[in-house]
$ cat my_file03.csv   # CSV, C-alpha atoms and all ligand atoms
chain,number,residue,atom,x,y,z
A,1,MET,CA,57.6,-66.8,3.2
A,2,THR,CA,54.9,-69.4,2.3
A,3,THR,CA,51.5,-68.0,1.5
A,4,GLU,CA,48.2,-69.5,0.4
A,5,THR,CA,45.3,-67.5,-1.0
A,6,VAL,CA,41.9,-68.5,0.3
A,7,PRO,CA,39.3,-67.6,-2.2
A,8,ALA,CA,36.4,-65.3,-1.2
A,9,VAL,CA,33.0,-64.5,-2.5
A,10,ALA,CA,33.3,-62.0,-5.4
A,11,GLY,CA,32.9,-58.4,-4.2
A,12,THR,CA,34.4,-59.2,-0.9
A,13,THR,CA,38.1,-60.1,-0.5
A,14,ALA,CA,40.5,-62.9,-0.7
A,15,THR,CA,42.5,-63.7,2.5
A,16,THR,CA,46.2,-64.5,2.3
A,17,VAL,CA,47.4,-66.9,4.9
A,18,ASP,CA,51.1,-66.7,5.8
A,19,ALA,CA,52.3,-70.0,7.1
A,20,THR,CA,54.9,-68.4,9.3
A,21,THR,CA,53.1,-65.4,10.8
A,22,GLY,CA,49.4,-66.3,10.4
A,23,PRO,CA,46.6,-64.5,8.4
A,24,VAL,CA,47.7,-61.3,6.5
A,25,PRO,CA,45.1,-58.5,6.4
A,26,PRO,CA,42.8,-59.2,3.4
A,27,ALA,CA,43.3,-57.3,0.2
A,28,GLN,CA,40.6,-54.7,-0.6
A,29,PRO,CA,38.1,-55.3,-3.4
A,30,SER,CA,39.3,-53.5,-6.4
A,31,LEU,CA,38.0,-52.2,-9.7
A,32,SER,CA,39.7,-51.2,-12.9
A,33,PRO,CA,38.0,-48.9,-15.5
A,34,SER,CA,38.0,-51.8,-18.0
A,35,ARG,CA,36.1,-54.1,-15.7
A,36,ALA,CA,33.8,-51.4,-14.5
A,37,ALA,CA,33.0,-50.6,-18.1
A,38,ASP,CA,32.4,-54.3,-18.8
A,39,PHE,CA,29.7,-54.4,-16.2
A,40,LYS,CA,28.1,-51.3,-17.6
A,41,THR,CA,28.3,-52.6,-21.1
A,42,CYS,CA,27.0,-56.1,-20.3
A,43,PRO,CA,26.9,-57.7,-16.8
A,44,LEU,CA,27.3,-61.2,-18.3
A,45,LEU,CA,30.5,-60.0,-20.1
A,46,PHE,CA,31.8,-58.9,-16.8
A,47,ARG,CA,31.1,-62.3,-15.3
A,48,PHE,CA,32.8,-64.1,-18.2
A,49,ARG,CA,35.9,-62.0,-17.8
A,50,SER,CA,36.2,-61.2,-14.2
A,51,ILE,CA,34.6,-64.2,-12.5
A,52,ASP,CA,34.8,-67.1,-14.9
A,53,ARG,CA,38.0,-65.7,-16.3
A,54,LEU,CA,37.3,-67.3,-19.6
A,55,PRO,CA,40.3,-67.0,-21.9
A,56,GLU,CA,40.2,-64.6,-24.8
A,57,ARG,CA,42.6,-64.9,-27.7
A,58,PRO,CA,44.2,-61.6,-28.7
A,59,THR,CA,43.1,-60.2,-32.0
A,60,THR,CA,45.4,-58.6,-34.6
A,61,ASP,CA,43.7,-55.2,-33.8
A,62,GLN,CA,44.4,-55.6,-30.1
A,63,ALA,CA,48.0,-56.6,-30.8
A,64,ARG,CA,48.5,-53.6,-33.0
A,65,GLY,CA,47.1,-51.4,-30.3
A,66,THR,CA,49.5,-52.9,-27.7
A,67,LEU,CA,52.4,-52.5,-30.0
A,68,VAL,CA,51.7,-48.9,-30.9
A,69,HIS,CA,51.3,-48.1,-27.2
A,70,ALA,CA,54.6,-49.7,-26.5
A,71,VAL,CA,56.4,-47.7,-29.2
A,72,LEU,CA,54.9,-44.4,-28.0
A,73,GLU,CA,56.0,-45.2,-24.5
A,74,ARG,CA,59.5,-46.0,-25.6
A,75,LEU,CA,59.7,-43.0,-27.9
A,76,PHE,CA,59.9,-40.7,-25.0
A,77,ASP,CA,62.9,-42.5,-23.7
A,78,LEU,CA,64.8,-40.9,-26.6
A,79,PRO,CA,66.3,-37.4,-26.3
A,80,ALA,CA,63.7,-34.9,-27.4
A,81,ASP,CA,65.3,-34.0,-30.7
A,82,GLU,CA,65.5,-37.7,-31.7
A,83,ARG,CA,61.8,-38.4,-31.4
A,84,THR,CA,61.1,-38.5,-35.1
A,85,PRO,CA,58.8,-40.5,-37.3
A,86,ALA,CA,61.8,-42.6,-38.5
A,87,ALA,CA,62.9,-43.3,-34.9
A,88,ALA,CA,59.3,-44.4,-34.0
A,89,GLY,CA,59.3,-46.6,-37.1
A,90,ASP,CA,62.6,-48.1,-36.0
A,91,LEU,CA,61.1,-49.1,-32.7
A,92,VAL,CA,58.3,-51.1,-34.2
A,93,ALA,CA,60.0,-54.4,-35.0
A,94,PRO,CA,62.1,-54.6,-31.7
A,95,GLN,CA,59.1,-53.7,-29.6
A,96,TRP,CA,57.0,-56.4,-31.4
A,97,GLN,CA,59.7,-59.0,-30.7
A,98,ARG,CA,59.7,-58.0,-27.1
A,99,LEU,CA,56.0,-58.2,-26.8
A,100,VAL,CA,55.9,-61.7,-28.4
A,101,ALA,CA,58.6,-62.9,-26.0
A,102,GLU,CA,56.6,-61.6,-23.1
A,103,GLN,CA,53.2,-62.7,-24.3
A,104,PRO,CA,53.5,-66.0,-26.3
A,105,ASP,CA,49.8,-65.8,-27.3
A,106,LEU,CA,50.8,-63.0,-29.7
A,107,ALA,CA,53.1,-65.3,-31.6
A,108,GLY,CA,50.0,-67.4,-32.6
A,109,LEU,CA,48.5,-64.5,-34.5
A,110,PHE,CA,50.6,-65.3,-37.5
A,111,ASP,CA,51.7,-68.4,-39.2
A,112,PRO,CA,55.5,-68.5,-38.8
A,113,ASP,CA,55.8,-68.8,-42.6
A,114,ASP,CA,53.5,-65.9,-43.2
A,115,THR,CA,56.3,-63.2,-43.4
A,116,ASP,CA,54.1,-61.1,-45.7
A,117,GLY,CA,51.3,-61.0,-43.1
A,118,GLN,CA,53.7,-60.1,-40.3
A,119,ALA,CA,55.3,-57.4,-42.5
A,120,ALA,CA,51.9,-55.9,-43.3
A,121,PHE,CA,51.0,-55.9,-39.6
A,122,LEU,CA,54.2,-54.0,-38.7
A,123,THR,CA,53.6,-51.6,-41.6
A,124,SER,CA,50.1,-50.9,-40.3
A,125,ALA,CA,51.5,-50.1,-36.9
A,126,ARG,CA,53.9,-47.7,-38.5
A,127,GLY,CA,50.9,-46.1,-40.3
A,128,LEU,CA,49.2,-45.4,-36.9
A,129,LEU,CA,52.4,-43.9,-35.6
A,130,ASP,CA,52.5,-41.6,-38.6
A,131,GLY,CA,49.1,-40.5,-37.6
A,132,TYR,CA,50.4,-39.7,-34.2
A,133,PHE,CA,53.0,-37.4,-35.6
A,134,ARG,CA,50.3,-35.5,-37.6
A,135,ILE,CA,48.7,-34.7,-34.2
A,136,GLU,CA,51.6,-34.0,-31.9
A,137,ASP,CA,55.3,-33.2,-32.1
A,138,PRO,CA,56.9,-35.3,-29.4
A,139,ARG,CA,60.1,-33.2,-29.6
A,140,ARG,CA,58.1,-30.4,-27.9
A,141,LEU,CA,56.7,-32.6,-25.1
A,142,GLU,CA,58.2,-34.0,-21.9
A,143,PRO,CA,55.5,-36.2,-20.3
A,144,ALA,CA,55.6,-36.3,-16.6
A,145,GLU,CA,54.6,-40.0,-16.5
A,146,ARG,CA,53.9,-42.8,-18.9
A,147,GLU,CA,52.1,-46.1,-18.5
A,148,THR,CA,51.7,-45.3,-14.8
A,149,LEU,CA,49.6,-47.3,-12.4
A,150,ILE,CA,47.5,-45.0,-10.3
A,151,SER,CA,45.1,-46.0,-7.6
A,152,THR,CA,43.1,-44.8,-4.6
A,153,VAL,CA,40.5,-46.1,-2.2
A,154,VAL,CA,37.1,-44.5,-2.4
A,155,ASP,CA,34.7,-44.4,0.5
A,156,ASP,CA,37.2,-46.4,2.6
A,157,GLN,CA,36.2,-49.5,0.9
A,158,LEU,CA,36.9,-49.8,-2.8
A,159,LEU,CA,40.3,-49.7,-4.4
A,160,ILE,CA,40.1,-48.2,-7.9
A,161,ARG,CA,43.1,-48.4,-10.1
A,162,GLY,CA,44.2,-48.2,-13.7
A,163,TYR,CA,47.1,-47.5,-16.1
A,164,VAL,CA,47.4,-44.0,-17.6
A,165,ASP,CA,49.0,-43.9,-21.0
A,166,ARG,CA,50.5,-40.5,-20.4
A,167,LEU,CA,50.3,-37.7,-17.9
A,168,ASP,CA,51.5,-34.2,-18.8
A,169,VAL,CA,52.0,-31.6,-16.2
A,170,SER,CA,52.3,-27.9,-17.2
A,171,PRO,CA,54.7,-25.5,-15.5
A,172,ALA,CA,51.7,-24.1,-13.6
A,173,GLY,CA,50.9,-27.6,-12.3
A,174,ASP,CA,47.9,-28.3,-14.6
A,175,LEU,CA,47.4,-32.0,-15.3
A,176,ARG,CA,46.5,-33.4,-18.7
A,177,VAL,CA,45.6,-37.1,-18.9
A,178,VAL,CA,46.3,-38.5,-22.4
A,179,ASP,CA,44.9,-41.8,-23.8
A,180,TYR,CA,45.9,-43.1,-27.2
A,181,LYS,CA,43.2,-44.9,-29.2
A,182,THR,CA,44.3,-47.0,-32.2
A,183,GLY,CA,40.8,-47.9,-33.3
A,184,GLY,CA,38.4,-46.2,-35.6
A,185,ALA,CA,34.8,-46.6,-36.4
A,186,PRO,CA,32.2,-47.2,-35.0
A,187,ARG,CA,33.4,-44.6,-32.6
A,188,GLU,CA,29.9,-43.5,-31.4
A,189,ALA,CA,29.5,-47.0,-29.9
A,190,PHE,CA,32.4,-46.6,-27.5
A,191,GLU,CA,33.3,-43.0,-27.0
A,192,ALA,CA,31.2,-43.0,-23.8
A,193,ARG,CA,33.3,-45.9,-22.6
A,194,ALA,CA,36.6,-44.0,-23.4
A,195,LEU,CA,35.3,-41.0,-21.5
A,196,PHE,CA,34.3,-43.2,-18.6
A,197,GLN,CA,37.9,-44.5,-18.5
A,198,LEU,CA,39.3,-41.0,-18.5
A,199,LYS,CA,37.0,-39.8,-15.7
A,200,PHE,CA,38.1,-42.8,-13.7
A,201,TYR,CA,41.7,-41.7,-14.0
A,202,ALA,CA,40.7,-38.1,-13.3
A,203,LEU,CA,38.9,-39.2,-10.1
A,204,VAL,CA,42.0,-41.1,-8.9
A,205,LEU,CA,44.3,-38.2,-9.6
A,206,TRP,CA,41.9,-35.7,-7.9
A,207,ARG,CA,41.8,-37.9,-4.8
A,208,THR,CA,45.5,-38.7,-4.7
A,209,ARG,CA,47.0,-35.3,-5.8
A,210,GLY,CA,44.3,-32.9,-4.8
A,211,VAL,CA,44.1,-31.5,-8.3
A,212,VAL,CA,41.3,-31.9,-10.9
A,213,PRO,CA,43.0,-32.6,-14.2
A,214,ARG,CA,42.6,-29.6,-16.5
A,215,VAL,CA,42.2,-31.8,-19.7
A,216,LEU,CA,41.3,-35.4,-20.4
A,217,ARG,CA,42.5,-36.0,-23.9
A,218,LEU,CA,41.7,-38.9,-26.3
A,219,ILE,CA,44.1,-39.1,-29.3
A,220,TYR,CA,42.7,-41.2,-32.1
A,221,LEU,CA,45.7,-42.2,-34.2
A,222,LYS,CA,43.8,-43.8,-37.0
A,223,ASP,CA,41.6,-40.8,-37.7
A,224,THR,CA,44.2,-38.3,-36.5
A,225,GLU,CA,41.7,-36.6,-34.2
A,226,VAL,CA,41.9,-35.2,-30.7
A,227,CYS,CA,39.0,-35.2,-28.3
A,228,ASP,CA,39.5,-33.0,-25.2
A,229,TYR,CA,37.2,-33.0,-22.2
A,230,THR,CA,37.4,-30.8,-19.1
A,231,PRO,CA,36.0,-32.3,-15.9
A,232,ASP,CA,35.1,-30.4,-12.8
A,233,ALA,CA,35.1,-31.5,-9.1
A,234,ASP,CA,31.3,-31.8,-8.8
A,235,GLU,CA,31.2,-34.1,-11.8
A,236,LEU,CA,34.0,-36.3,-10.4
A,237,ALA,CA,32.2,-36.4,-7.0
A,238,ARG,CA,29.1,-37.7,-8.9
A,239,PHE,CA,31.3,-40.1,-10.8
A,240,GLU,CA,32.7,-41.5,-7.6
A,241,ARG,CA,29.1,-42.1,-6.3
A,242,THR,CA,28.3,-43.8,-9.6
A,243,LEU,CA,31.4,-46.1,-9.2
A,244,LEU,CA,30.4,-47.1,-5.7
A,245,ALA,CA,26.8,-47.8,-6.9
A,246,LEU,CA,28.3,-49.9,-9.7
A,247,TRP,CA,30.4,-51.9,-7.3
A,248,ARG,CA,27.4,-52.5,-5.1
A,249,ALA,CA,25.5,-53.8,-8.1
A,250,ILE,CA,28.4,-56.1,-8.9
A,251,GLU,CA,28.3,-57.4,-5.3
A,252,GLN,CA,24.6,-58.0,-5.5
A,253,ALA,CA,24.9,-59.7,-8.9
A,254,THR,CA,27.6,-61.9,-7.5
A,255,ALA,CA,25.7,-62.8,-4.4
A,256,ALA,CA,22.7,-63.7,-6.5
A,257,ARG,CA,24.8,-65.3,-9.2
A,258,ASP,CA,22.8,-63.3,-11.6
A,259,PHE,CA,24.7,-61.6,-14.4
A,260,ARG,CA,22.4,-61.0,-17.3
A,261,PRO,CA,23.3,-60.5,-21.0
A,262,LYS,CA,22.8,-57.0,-22.4
A,263,PRO,CA,23.0,-57.4,-26.2
A,264,SER,CA,24.2,-54.4,-28.2
A,265,ARG,CA,26.2,-53.8,-31.3
A,266,LEU,CA,29.3,-54.5,-29.2
A,267,CYS,CA,28.4,-58.2,-29.2
A,268,ASP,CA,30.0,-58.3,-32.6
A,269,TRP,CA,33.3,-58.0,-30.9
A,270,CYS,CA,32.6,-60.3,-28.0
A,271,SER,CA,34.6,-63.5,-27.7
A,272,HIS,CA,32.0,-65.3,-25.6
A,273,GLN,CA,29.0,-65.6,-27.9
A,274,ALA,CA,29.3,-69.4,-27.6
A,275,HIS,CA,28.5,-69.1,-23.9
A,276,CYS,CA,26.0,-66.3,-24.2
A,277,PRO,CA,22.2,-67.2,-24.0
A,278,SER,CA,21.5,-64.3,-26.3
A,279,PHE,CA,23.3,-66.3,-29.0
A,280,GLY,CA,22.0,-69.7,-28.0
A,281,GLY,CA,24.9,-70.5,-25.7
A,282,THR,CA,25.0,-71.6,-22.1
A,283,PRO,CA,27.3,-70.0,-19.5
A,284,PRO,CA,29.7,-72.4,-17.6
A,285,PRO,CA,28.7,-73.4,-14.0
A,286,PHE,CA,29.1,-70.4,-11.7
A,287,PRO,CA,32.4,-70.8,-9.8
A,288,GLU,CA,32.2,-71.9,-6.2
A,289,HIS,CA,34.6,-69.2,-5.0
A,290,PRO,CA,34.3,-66.3,-7.3
A,291,VAL,CA,36.6,-63.3,-7.0
A,292,ALA,CA,35.7,-60.3,-9.0
A,293,GLY,CA,37.5,-57.1,-10.0
A,294,GLY,CA,40.9,-57.0,-11.7
A,295,GLY,CA,42.6,-54.8,-14.1
A,296,ARG,CA,45.6,-54.5,-16.5
A,297,PRO,CA,48.1,-56.2,-16.7
A,298,GLY,CA,46.6,-59.5,-17.5
A,299,ASP,CA,43.3,-58.2,-18.5
A,300,PRO,CA,41.7,-60.4,-21.0
A,301,GLY,CA,41.0,-59.0,-24.5
A,302,THR,CA,38.1,-56.9,-25.5
A,303,ALA,CA,34.5,-57.2,-26.7
A,304,LEU,CA,34.9,-53.8,-28.2
A,305,PRO,CA,35.6,-52.4,-31.6
A,306,PRO,CA,39.3,-52.6,-32.4
A,307,GLY,CA,41.2,-50.1,-30.3
A,308,ALA,CA,38.2,-49.1,-28.2
A,309,ASP,CA,39.7,-50.4,-25.0
A,310,GLU,CA,43.4,-49.7,-25.5
B,401,LIG,S1,27.6,-61.6,-26.7
B,401,LIG,FE1,26.8,-59.6,-26.1
B,401,LIG,S2,25.2,-60.0,-24.6
B,401,LIG,FE2,26.5,-61.9,-24.8
B,401,LIG,S3,28.0,-61.7,-23.2
B,401,LIG,FE3,28.9,-60.9,-25.1
B,401,LIG,S4,28.5,-58.6,-24.9
B,401,LIG,FE4,27.1,-59.7,-23.5
$ encode --input "my_file03.csv" --output "structure tokens" --more "lines below"
Ligand code: SF4
Amino acid sequence: MTTETVPAVAGTTATTVDATTGPVPPAQPSLSPSRAADFKTCPLLFRFRSIDRLPERPTTDQARGTLVHAVLERLFDLPADERTPAAAGDLVAPQWQRLVAEQPDLAGLFDPDDTDGQAAFLTSARGLLDGYFRIEDPRRLEPAERETLISTVVDDQLLIRGYVDRLDVSPAGDLRVVDYKTGGAPREAFEARALFQLKFYALVLWRTRGVVPRVLRLIYLKDTEVCDYTPDADELARFERTLLALWRAIEQATAARDFRPKPSRLCDWCSHQAHCPSFGGTPPPFPEHPVAGGGRPGDPGTALPPGADE
């Protein structure tokens, strides 16, 4: 089948034309928690990432987070009694090689001759995994789902979707959404963002499975801390209205081509200061046919503290 995608105005949809059968129904506008949080954090950051799609080079911290997530996902492929710290450590190097093969950008993080730097990087990932074992014993866990894409349509118009690190289901059917965080300080600057992300998942699960998750859990591997949050249906209904309002704001900003910078301490981690008027830069020309939205995989990097968005 031959298809061609006709760009649309951001906030609306792109239309796919099938050369053999004619127009295919347009895709729905969609929003991921990362992109929604971008707009809340800084509308101009949202524009740079979701509309201009400016490239962002991965940082070592982001790569470490990706690697640790990959190892924790694979760890649960092992029989329960083999999920030991040593087994996790043994997964680090092969998972890194797999990631580098899949994402060539990662290879550029280290000079090929810098074997000490790469070794230190892998050791630091093992350190975070040691932190995980101080929090949980994976031999006693059997996650229902890992790295799962979940999605739903809210208000018959907006597709919301995201990847859940881990979903646990108790024998009684209670859901626990688990998100691993590999970053540390300054946590106060992004804990609200992490909770926003988890409420996003809770809303999707509530709408698709009819159950409000009992627990939303953030696991901070670096600080070996756990943060549990218990949402309720009223709160998720309010959150749904908030998301729709956010999407309407994105649509309006797109139509007006007006995405303003919102400086904060998170600017320290932004890859786009050179294009940001708050730092003396100039944004690129607004695209003629912008399409907004998006989500992992393929999300650009982060303007957040290390690990904040992982
Ligand atoms: S530097 Fe700060 S204000 Fe500018 S785009 Fe990045 S996050 Fe927004």
$ closest_residue --input "my_file03.csv" --among "A:Phe121, A:His272, A:Ser30, A:Pro143" --to "Arg74 in chain A" --atoms "only C-alpha atoms"
A:Pro143
$ residues_near_ligand --input "my_file03.csv" --ligand "ligand LIG 401 (chain B)" --cutoff "8 Å" --atoms "only C-alpha atoms and all ligand atoms" --output "ChimeraX atom specification"
/A:41-46,48,260-273,275-279,303
$ closest_atom_pairs --input "my_file03.csv" --of "range 144-229 of chain A" --to "range 131-139 of chain A" --cutoff "12 Å" --atoms "all atoms listed in the file" --output "tab-separated table"
residue	atom	partner	partner_atom	distance
A:Asp168	CA	A:Pro138	CA	11.9
A:Val178	CA	A:Glu136	CA	11.8
A:Asp179	CA	A:Tyr132	CA	12.0
A:Tyr180	CA	A:Tyr132	CA	9.0
A:Lys181	CA	A:Tyr132	CA	10.2
A:Thr182	CA	A:Gly131	CA	9.7
A:Gly183	CA	A:Gly131	CA	11.9
A:Leu218	CA	A:Ile135	CA	11.4
A:Ile219	CA	A:Tyr132	CA	8.0
A:Tyr220	CA	A:Tyr132	CA	8.1
A:Leu221	CA	A:Gly131	CA	5.1
A:Lys222	CA	A:Gly131	CA	6.3
A:Asp223	CA	A:Gly131	CA	7.5
A:Thr224	CA	A:Gly131	CA	5.5
A:Glu225	CA	A:Ile135	CA	7.3
A:Val226	CA	A:Ile135	CA	7.7
A:Cys227	CA	A:Ile135	CA	11.4
$ residues_around --input "my_file03.csv" --residues "Phe110 in chain A" --least-positions-apart "3" --cutoff "12 Å" --atoms "all atoms listed in the file" --output "list in words"
Pro58, Thr59, Thr60, Ala63, Val100, Pro104, Asp105, Leu106, Ala107, Asp113, Asp114, Thr115, Asp116, Gly117, Gln118, Ala119, Ala120, Phe121 and Leu122 of chain A
$ write_last_selection --input "my_file03.csv" --atoms "C-alpha atoms" --output "CSV table (one decimal), in the frame of the given file"
chain,number,residue,atom,x,y,z
A,58,PRO,CA,44.2,-61.6,-28.7
A,59,THR,CA,43.1,-60.2,-32.0
A,60,THR,CA,45.4,-58.6,-34.6
A,63,ALA,CA,48.0,-56.6,-30.8
A,100,VAL,CA,55.9,-61.7,-28.4
A,104,PRO,CA,53.5,-66.0,-26.3
A,105,ASP,CA,49.8,-65.8,-27.3
A,106,LEU,CA,50.8,-63.0,-29.7
A,107,ALA,CA,53.1,-65.3,-31.6
A,113,ASP,CA,55.8,-68.8,-42.6
A,114,ASP,CA,53.5,-65.9,-43.2
A,115,THR,CA,56.3,-63.2,-43.4
A,116,ASP,CA,54.1,-61.1,-45.7
A,117,GLY,CA,51.3,-61.0,-43.1
A,118,GLN,CA,53.7,-60.1,-40.3
A,119,ALA,CA,55.3,-57.4,-42.5
A,120,ALA,CA,51.9,-55.9,-43.3
A,121,PHE,CA,51.0,-55.9,-39.6
A,122,LEU,CA,54.2,-54.0,-38.7
$ atom_distance --input "my_file03.csv" --atom1 "CA of Arg207 in chain A" --atom2 "CA of Leu195 in chain A"
18.2 Å
$ atom_distance --input "my_file03.csv" --atom1 "CA of Leu198 in chain A" --atom2 "CA of Leu216 in chain A"
6.2 Å
$ closest_residue --input "my_file03.csv" --among "A:His69, A:Arg64, A:Arg257, A:Arg176" --to "Arg47 in chain A" --atoms "all atoms listed in the file"
A:Arg257
$ residues_around --input "my_file03.csv" --residues "Asp130 in chain A" --least-positions-apart "5" --cutoff "9 Å" --atoms "only C-alpha atoms" --output "PyMOL selection string"
chain A and resi 85+88-89+125+221
$ residues_around --input "my_file03.csv" --residues "range 170-174 of chain A" --least-positions-apart "3" --cutoff "12 Å" --atoms "all atoms listed in the file" --output "MDAnalysis selection string"
chainID A and resid 141:144 167 177 205:206 209:216 230
$ closest_residue --input "my_file03.csv" --among "A:Leu128, A:Val92, A:Ala36, A:Val164" --to "Ala245 in chain A" --atoms "all atoms listed in the file"
A:Ala36
$ closest_residue --input "my_file03.csv" --among "A:Val154, A:Leu31, A:Leu54, A:Leu75" --to "Thr208 in chain A" --atoms "all atoms listed in the file"
A:Val154
$ residues_around --input "my_file03.csv" --residues "Glu147 in chain A" --least-positions-apart "6" --cutoff "7 Å" --atoms "only C-alpha atoms" --output "PyMOL selection string"
chain A and resi 163-166
$ closest_residue --input "my_file03.csv" --among "A:Asp61, A:Asp228, A:Glu240, A:Glu251" --to "Val153 in chain A" --atoms "all atoms listed in the file"
A:Glu240
$ closest_residue --input "my_file03.csv" --among "A:Val68, A:Ala192, A:Ile51, A:Leu149" --to "Phe286 in chain A" --atoms "only C-alpha atoms"
A:Ile51
$ atom_distance --input "my_file03.csv" --atom1 "CA of Gly162 in chain A" --atom2 "CA of Pro283 in chain A"
28.2 Å
$ decode --input "my_file03.csv" --residues "range 219-277 of chain A" --atoms "C-alpha atoms" --output "CSV table (one decimal), in the first residue's frame"
chain,number,residue,atom,x,y,z
A,219,ILE,CA,10.8,4.7,43.1
A,220,TYR,CA,13.9,6.9,43.4
A,221,LEU,CA,16.8,4.6,42.9
A,222,LYS,CA,19.6,7.1,43.6
A,223,ASP,CA,18.1,8.1,47.0
A,224,THR,CA,16.6,4.7,47.6
A,225,GLU,CA,13.2,6.3,48.5
A,226,VAL,CA,9.7,5.4,47.6
A,227,CYS,CA,6.9,8.0,47.2
A,228,ASP,CA,3.4,6.5,47.1
A,229,TYR,CA,0.3,8.4,46.1
A,230,THR,CA,-3.3,7.2,46.2
A,231,PRO,CA,-5.6,8.9,43.7
A,232,ASP,CA,-9.4,8.9,43.7
A,233,ALA,CA,-12.0,9.0,41.0
A,234,ASP,CA,-13.0,12.7,41.6
A,235,GLU,CA,-9.4,13.7,41.4
A,236,LEU,CA,-8.9,11.8,38.1
A,237,ALA,CA,-12.1,13.4,36.7
A,238,ARG,CA,-10.7,16.8,37.5
A,239,PHE,CA,-7.4,15.8,36.0
A,240,GLU,CA,-9.1,14.8,32.8
A,241,ARG,CA,-10.7,18.2,32.6
A,242,THR,CA,-7.3,19.8,33.2
A,243,LEU,CA,-5.8,17.8,30.4
A,244,LEU,CA,-8.5,18.9,28.0
A,245,ALA,CA,-8.0,22.5,29.0
A,246,LEU,CA,-4.3,22.0,28.4
A,247,TRP,CA,-4.9,20.6,25.0
A,248,ARG,CA,-7.2,23.5,24.1
A,249,ALA,CA,-4.5,25.9,25.2
A,250,ILE,CA,-2.0,24.1,23.0
A,251,GLU,CA,-4.4,24.4,20.1
A,252,GLN,CA,-4.9,28.1,20.7
A,253,ALA,CA,-1.1,28.7,21.0
A,254,THR,CA,-0.6,26.8,17.8
A,255,ALA,CA,-3.2,28.7,15.9
A,256,ALA,CA,-1.8,32.0,17.2
A,257,ARG,CA,1.8,30.8,16.7
A,258,ASP,CA,2.4,32.1,20.2
A,259,PHE,CA,4.4,29.9,22.5
A,260,ARG,CA,6.0,32.0,25.2
A,261,PRO,CA,9.1,31.2,27.3
A,262,LYS,CA,8.5,30.5,30.9
A,263,PRO,CA,11.9,30.7,32.6
A,264,SER,CA,12.4,28.6,35.7
A,265,ARG,CA,15.3,26.7,37.4
A,266,LEU,CA,14.6,23.9,34.9
A,267,CYS,CA,16.1,26.1,32.2
A,268,ASP,CA,19.5,24.9,33.4
A,269,TRP,CA,18.7,21.6,31.8
A,270,CYS,CA,17.1,22.9,28.6
A,271,SER,CA,18.9,22.1,25.4
A,272,HIS,CA,17.4,25.1,23.6
A,273,GLN,CA,18.7,28.2,25.3
A,274,ALA,CA,20.4,29.2,22.1
A,275,HIS,CA,16.9,29.6,20.5
A,276,CYS,CA,15.2,31.0,23.6
A,277,PRO,CA,14.5,34.8,23.8
